[in-house]
$ cat my_file_5.csv   # CSV, C-alpha atoms
chain,number,residue,atom,x,y,z
A,12,MET,CA,192.5,284.5,-90.4
A,13,ARG,CA,191.9,285.5,-86.8
A,14,TYR,CA,189.1,282.9,-86.5
A,15,SER,CA,191.4,280.1,-87.7
A,16,GLU,CA,194.1,281.1,-85.2
A,17,ASN,CA,191.6,281.2,-82.4
A,18,LYS,CA,190.3,277.8,-83.3
A,19,ARG,CA,193.8,276.3,-83.4
A,20,ARG,CA,194.6,277.9,-80.0
A,21,SER,CA,191.4,276.5,-78.5
A,22,ARG,CA,192.2,273.0,-79.7
A,23,LYS,CA,195.7,273.2,-78.3
A,24,GLU,CA,194.4,274.4,-75.0
A,25,ARG,CA,191.9,271.5,-74.8
A,26,VAL,CA,194.7,269.0,-75.6
A,27,GLY,CA,196.9,270.5,-72.9
A,28,PHE,CA,194.1,270.4,-70.4
A,29,PHE,CA,193.3,266.7,-71.0
A,30,THR,CA,197.1,265.9,-70.9
A,31,ALA,CA,197.4,267.7,-67.6
A,32,LEU,CA,194.3,266.0,-66.3
A,33,SER,CA,195.6,262.5,-67.4
A,34,ILE,CA,198.9,263.2,-65.6
A,35,CYS,CA,197.1,264.2,-62.5
A,36,ILE,CA,194.9,261.1,-62.6
A,37,VAL,CA,198.0,258.9,-63.0
A,38,ALA,CA,199.8,260.7,-60.1
A,39,VAL,CA,196.7,260.3,-57.9
A,40,GLY,CA,196.5,256.6,-58.7
A,41,MET,CA,200.2,256.0,-58.0
A,42,ALA,CA,199.9,257.8,-54.7
A,43,ALA,CA,196.9,255.8,-53.7
A,44,TYR,CA,198.6,252.5,-54.6
A,45,SER,CA,201.7,253.5,-52.7
A,46,THR,CA,199.6,254.4,-49.6
A,47,TYR,CA,197.7,251.1,-49.9
A,48,THR,CA,201.0,249.1,-50.1
A,49,SER,CA,202.4,250.9,-47.1
A,50,LEU,CA,199.3,250.3,-45.0
A,51,THR,CA,199.3,246.6,-46.0
A,52,GLY,CA,202.9,246.1,-45.0
A,53,ILE,CA,202.4,247.8,-41.6
A,54,PHE,CA,199.3,245.6,-41.0
A,55,ASP,CA,201.2,242.4,-41.9
A,56,SER,CA,204.1,243.4,-39.7
A,57,ASP,CA,201.8,244.0,-36.8
A,58,VAL,CA,200.1,240.7,-37.2
A,59,SER,CA,203.5,238.9,-37.4
A,60,GLU,CA,204.8,240.6,-34.3
A,61,THR,CA,201.6,239.8,-32.5
A,62,LEU,CA,201.9,236.1,-33.4
A,63,ALA,CA,205.5,236.1,-32.4
A,64,VAL,CA,204.7,237.7,-29.0
A,65,ASP,CA,201.9,235.2,-28.5
A,66,ASN,CA,204.2,232.3,-29.2
A,67,ILE,CA,206.8,233.6,-26.7
A,68,VAL,CA,204.2,234.1,-24.0
A,69,THR,CA,202.6,230.7,-24.4
A,70,GLY,CA,205.8,228.9,-25.1
A,71,VAL,CA,204.0,226.3,-27.2
A,72,THR,CA,202.9,226.5,-30.8
A,73,GLU,CA,200.3,224.3,-32.5
A,74,THR,CA,203.0,222.7,-34.7
A,75,GLU,CA,205.3,222.0,-31.7
A,76,THR,CA,202.4,220.4,-29.8
A,77,GLU,CA,201.5,218.1,-32.6
A,78,THR,CA,205.2,217.1,-33.0
A,79,THR,CA,205.6,216.4,-29.3
A,80,GLU,CA,202.5,214.2,-29.3
A,81,GLU,CA,203.7,212.2,-32.3
A,82,THR,CA,207.2,211.6,-31.0
A,83,GLU,CA,206.3,210.9,-27.4
A,84,THR,CA,206.6,207.2,-26.7
A,85,THR,CA,206.2,205.0,-23.6
A,86,GLU,CA,209.5,203.2,-22.7
A,87,PRO,CA,209.0,199.5,-22.1
A,88,PRO,CA,209.6,198.3,-18.5
A,89,ALA,CA,213.2,197.3,-17.8
A,90,THR,CA,213.7,193.6,-17.6
A,91,GLU,CA,215.8,192.2,-14.8
A,92,THR,CA,218.9,190.6,-16.3
A,93,GLU,CA,220.2,187.4,-14.8
A,94,LYS,CA,223.1,188.0,-12.5
A,95,THR,CA,226.3,186.3,-13.7
A,96,GLU,CA,228.1,184.0,-11.2
A,97,GLU,CA,231.2,185.4,-9.7
A,98,THR,CA,234.4,183.5,-10.1
A,99,GLU,CA,235.1,183.4,-6.4
A,100,TYR,CA,232.5,182.2,-4.0
A,101,GLU,CA,231.0,185.2,-2.1
A,102,GLU,CA,230.3,184.2,1.5
A,103,GLU,CA,227.2,185.5,3.1
A,104,THR,CA,227.9,187.7,6.1
A,105,ALA,CA,226.1,187.6,9.4
A,106,PRO,CA,224.0,190.5,10.7
A,107,GLU,CA,225.9,193.1,12.7
A,108,GLU,CA,224.1,192.2,16.0
A,109,THR,CA,225.4,188.6,15.7
A,110,LYS,CA,228.9,189.3,14.5
A,111,THR,CA,230.6,189.3,17.9
A,112,ALA,CA,228.7,186.2,19.1
A,113,LEU,CA,229.6,184.3,15.9
A,114,GLN,CA,233.3,185.2,16.1
A,115,THR,CA,233.4,184.1,19.7
A,116,MET,CA,231.6,180.8,19.0
A,117,VAL,CA,234.1,180.1,16.1
A,118,ALA,CA,237.1,180.8,18.3
A,119,VAL,CA,235.8,178.6,21.1
A,120,ASN,CA,233.9,175.7,19.5
A,121,THR,CA,235.3,175.3,16.0
A,122,SER,CA,238.0,172.7,15.7
A,123,LEU,CA,239.3,171.7,12.3
A,124,SER,CA,241.5,168.8,11.3
A,125,TYR,CA,244.6,168.9,9.0
A,126,PRO,CA,243.8,168.8,5.3
A,127,LEU,CA,246.7,166.5,4.4
A,128,ASP,CA,248.5,163.6,5.9
A,129,LYS,CA,251.6,165.7,5.9
A,130,ARG,CA,251.4,168.5,8.4
A,131,LYS,CA,254.3,170.6,7.1
A,132,VAL,CA,253.6,174.3,6.7
A,133,ILE,CA,255.7,176.2,4.2
A,134,LYS,CA,254.1,179.6,4.5
A,135,GLU,CA,251.9,180.8,7.3
A,136,TYR,CA,248.9,183.2,7.3
A,137,SER,CA,249.9,186.8,7.3
A,138,GLU,CA,247.8,190.0,7.1
A,139,GLU,CA,251.1,191.9,6.6
A,140,SER,CA,252.7,191.9,3.2
A,141,VAL,CA,255.1,189.1,2.5
A,142,TYR,CA,257.2,188.5,-0.6
A,143,ASN,CA,255.7,186.3,-3.4
A,144,LYS,CA,258.6,184.9,-5.4
A,145,THR,CA,256.5,183.7,-8.3
A,146,LEU,CA,254.7,187.1,-8.8
A,147,ASN,CA,257.7,189.1,-7.6
A,148,GLN,CA,255.6,191.3,-5.4
A,149,TRP,CA,254.7,192.0,-1.8
A,150,GLU,CA,251.2,191.0,-0.7
A,151,ALA,CA,249.1,189.7,2.2
A,152,HIS,CA,249.0,185.9,2.5
A,153,THR,CA,245.5,185.2,3.7
A,154,GLY,CA,245.9,181.5,3.9
A,155,VAL,CA,248.2,178.7,4.9
A,156,ASP,CA,250.4,176.7,2.5
A,157,PHE,CA,250.7,173.0,3.3
A,158,ALA,CA,253.5,171.1,1.6
A,159,CYS,CA,252.5,168.0,-0.3
A,160,ASP,CA,253.2,165.8,-3.4
A,161,VAL,CA,251.2,165.9,-6.6
A,162,GLY,CA,248.4,163.3,-6.2
A,163,ASP,CA,248.2,163.4,-2.4
A,164,ASN,CA,244.7,163.2,-0.9
A,165,VAL,CA,243.2,166.5,0.4
A,166,TYR,CA,240.7,166.0,3.2
A,167,SER,CA,237.8,168.1,4.4
A,168,MET,CA,238.8,169.9,7.6
A,169,GLY,CA,235.3,169.8,9.0
A,170,ASP,CA,231.6,169.1,8.3
A,171,GLY,CA,229.9,171.2,5.6
A,172,GLU,CA,228.5,171.5,2.2
A,173,VAL,CA,230.3,171.9,-1.1
A,174,LYS,CA,229.1,175.3,-2.3
A,175,LYS,CA,231.3,175.8,-5.4
A,176,ILE,CA,234.1,174.3,-7.5
A,177,TYR,CA,236.0,176.7,-9.7
A,178,THR,CA,239.4,177.5,-11.3
A,179,ASP,CA,241.3,180.6,-10.3
A,180,ASP,CA,244.1,182.0,-12.4
A,181,LEU,CA,246.4,182.3,-9.4
A,182,LEU,CA,245.2,179.8,-6.9
A,183,GLY,CA,244.2,177.0,-9.4
A,184,LYS,CA,241.3,174.7,-9.0
A,185,THR,CA,239.5,175.5,-5.7
A,186,ILE,CA,236.8,173.7,-3.7
A,187,VAL,CA,234.6,175.7,-1.3
A,188,VAL,CA,233.1,174.0,1.7
A,189,LYS,CA,230.7,175.9,3.9
A,190,SER,CA,229.8,175.0,7.4
A,191,VAL,CA,227.5,176.7,10.0
A,192,THR,CA,230.4,178.8,11.4
A,193,TYR,CA,233.0,179.1,8.6
A,194,THR,CA,233.8,178.7,4.9
A,195,ALA,CA,237.0,176.9,3.9
A,196,TYR,CA,238.7,177.3,0.5
A,197,TYR,CA,240.9,174.4,-0.7
A,198,SER,CA,243.1,175.7,-3.6
A,199,GLY,CA,245.7,173.9,-5.7
A,200,MET,CA,243.5,170.9,-6.4
A,201,SER,CA,243.9,168.6,-9.4
A,202,GLU,CA,241.2,167.7,-11.9
A,203,ASN,CA,240.7,164.5,-9.8
A,204,ILE,CA,237.8,165.9,-7.7
A,205,LYS,CA,235.8,163.5,-5.6
A,206,VAL,CA,232.9,165.7,-4.7
A,207,GLU,CA,230.5,168.0,-6.6
A,208,LYS,CA,228.5,171.1,-5.8
A,209,GLY,CA,225.9,170.3,-3.2
A,210,SER,CA,227.8,167.4,-1.7
A,211,VAL,CA,227.6,167.1,2.1
A,212,VAL,CA,230.9,166.2,3.6
A,213,LYS,CA,232.3,165.2,7.0
A,214,ALA,CA,235.6,166.0,8.5
A,215,GLY,CA,238.2,163.6,7.0
A,216,ASP,CA,236.3,163.0,3.8
A,217,VAL,CA,238.5,163.0,0.7
A,218,LEU,CA,237.7,166.1,-1.5
A,219,GLY,CA,240.2,165.3,-4.2
A,220,THR,CA,243.9,165.2,-4.9
A,221,ALA,CA,246.6,167.9,-4.8
A,222,ASP,CA,248.3,169.5,-7.8
A,223,ASN,CA,249.8,172.9,-7.4
A,224,VAL,CA,249.1,176.7,-7.0
A,225,PRO,CA,250.0,178.6,-10.1
A,226,GLY,CA,250.5,182.0,-8.4
A,227,GLU,CA,252.9,180.4,-5.8
A,228,GLU,CA,254.6,177.8,-8.0
A,229,LEU,CA,258.1,178.8,-6.9
A,230,ASP,CA,257.3,177.9,-3.3
A,231,GLY,CA,257.1,174.2,-4.1
A,232,THR,CA,254.2,171.8,-4.5
A,233,HIS,CA,251.5,172.6,-1.9
A,234,VAL,CA,247.8,173.3,-1.3
A,235,HIS,CA,246.7,176.8,-0.2
A,236,ILE,CA,244.0,176.6,2.5
A,237,SER,CA,242.1,179.7,3.5
A,238,VAL,CA,239.2,180.2,5.9
A,239,LYS,CA,236.6,182.9,6.2
A,240,THR,CA,234.2,183.6,9.1
A,241,ASP,CA,231.6,186.3,8.9
A,242,GLY,CA,233.2,187.3,5.5
A,243,GLN,CA,236.6,187.9,7.0
A,244,TYR,CA,239.8,185.8,6.5
A,245,VAL,CA,241.1,184.1,9.7
A,246,ASP,CA,244.2,182.1,10.3
A,247,PRO,CA,243.3,178.4,9.6
A,248,LEU,CA,246.0,177.3,12.1
A,249,SER,CA,244.2,179.0,14.9
A,250,LEU,CA,241.2,176.7,14.3
A,251,ILE,CA,243.0,173.4,13.6
A,252,ASN,CA,242.9,171.0,16.6
A,253,ASN,CA,241.4,173.8,18.6
A,254,ASP,CA,239.9,171.3,21.0
A,255,GLU,CA,243.2,169.9,22.1
$ encode --input "my_file_5.csv" --output "structure tokens"
Amino acid sequence: MRYSENKRRSRKERVGFFTALSICIVAVGMAAYSTYTSLTGIFDSDVSETLAVDNIVTGVTETETETTEETETTEPPATETEKTEETEYEEETAPEETKTALQTMVAVNTSLSYPLDKRKVIKEYSEESVYNKTLNQWEAHTGVDFACDVGDNVYSMGDGEVKKIYTDDLLGKTIVVKSVTYTAYYSGMSENIKVEKGSVVKAGDVLGTADNVPGEELDGTHVHISVKTDGQYVDPLSLINNDE
């Protein structure tokens, strides 16, 4: 009886020993795995932080460099567009050093003739604002209005070249004649134009016939004559028959 009891006890003890040993082995394995996982996470974190720091320091990553190279293009050279022609003729101005001499020469030597057979002036040149009945506003009147009838001949006041013929909303059809010392604008012309761009005219040559000035219609039928010298408006009446 005692031998059987001792044998059973010895067997239980061995089972308990191996059970405890198995538990210990499992615990050791789990501890080792946990340690390995922790070390791997720390290592990966250090590597990521190192790469991030490197990117911040250099400011350029390999991917960004490749993208920049792919998207970078060379812009085609800009082509010069054609300049559109202005409605009003732009007079070329003289250099500053010749301005005084040119103005003096115009005042002394330039003598223009009347643009119409009739010599009646209905509105004079004024740099001060005067009332425009048609537009119901005050404005400078940088020309002289000569009374006429529709169809009257309009003459060139001096020698020159026809630089442009155009239609202005307020001044109507206009002929621009440029000489050496001045540029004359004949506004309020009809469609019956006797010259063309590039025509060389002499004083007294017929440019066309009169019609009216839309922006000054309430002032009666007339032509609006303005003169520029060195890019500035001057009083046409101060140059007409200047040699008398």
$ atom_distance --input "my_file_5.csv" --atom1 "CA of Gly169 in chain A" --atom2 "CA of Ser124 in chain A"
6.7 Å
$ closest_residue --input "my_file_5.csv" --among "A:Asn147, A:Ser210, A:Ser140, A:Ser33" --to "Glu228 in chain A" --atoms "all atoms listed in the file"
A:Asn147
$ residues_around --input "my_file_5.csv" --residues "Thr153 in chain A" --least-positions-apart "2" --cutoff "12 Å" --atoms "all atoms listed in the file" --output "list in words"
Lys134, Glu135, Tyr136, Ser137, Glu138, Glu139, Ser140, Val141, Glu150, Ala151, Val155, Asp156, Leu182, Ala195, Tyr196, His235, Ile236, Ser237, Val238, Lys239, Gln243, Tyr244, Val245, Asp246, Pro247 and Leu248 of chain A
$ closest_residue --input "my_file_5.csv" --among "A:Tyr193, A:Cys159, A:Glu202, A:Ile34" --to "Gly242 in chain A" --atoms "all atoms listed in the file"
A:Tyr193
$ atom_distance --input "my_file_5.csv" --atom1 "CA of Asp179 in chain A" --atom2 "CA of Thr240 in chain A"
20.9 Å
$ atom_distance --input "my_file_5.csv" --atom1 "CA of Lys131 in chain A" --atom2 "CA of Gly226 in chain A"
19.6 Å
$ closest_residue --input "my_file_5.csv" --among "A:Met200, A:Leu146, A:Ile186, A:Val191" --to "Val234 in chain A" --atoms "all atoms listed in the file"
A:Met200
$ residues_around --input "my_file_5.csv" --residues "Pro225 in chain A" --least-positions-apart "6" --cutoff "8 Å" --atoms "all atoms listed in the file" --output "list of chain:residue names"
A:Asp180, A:Leu181, A:Leu182, A:Gly183, A:Gly199
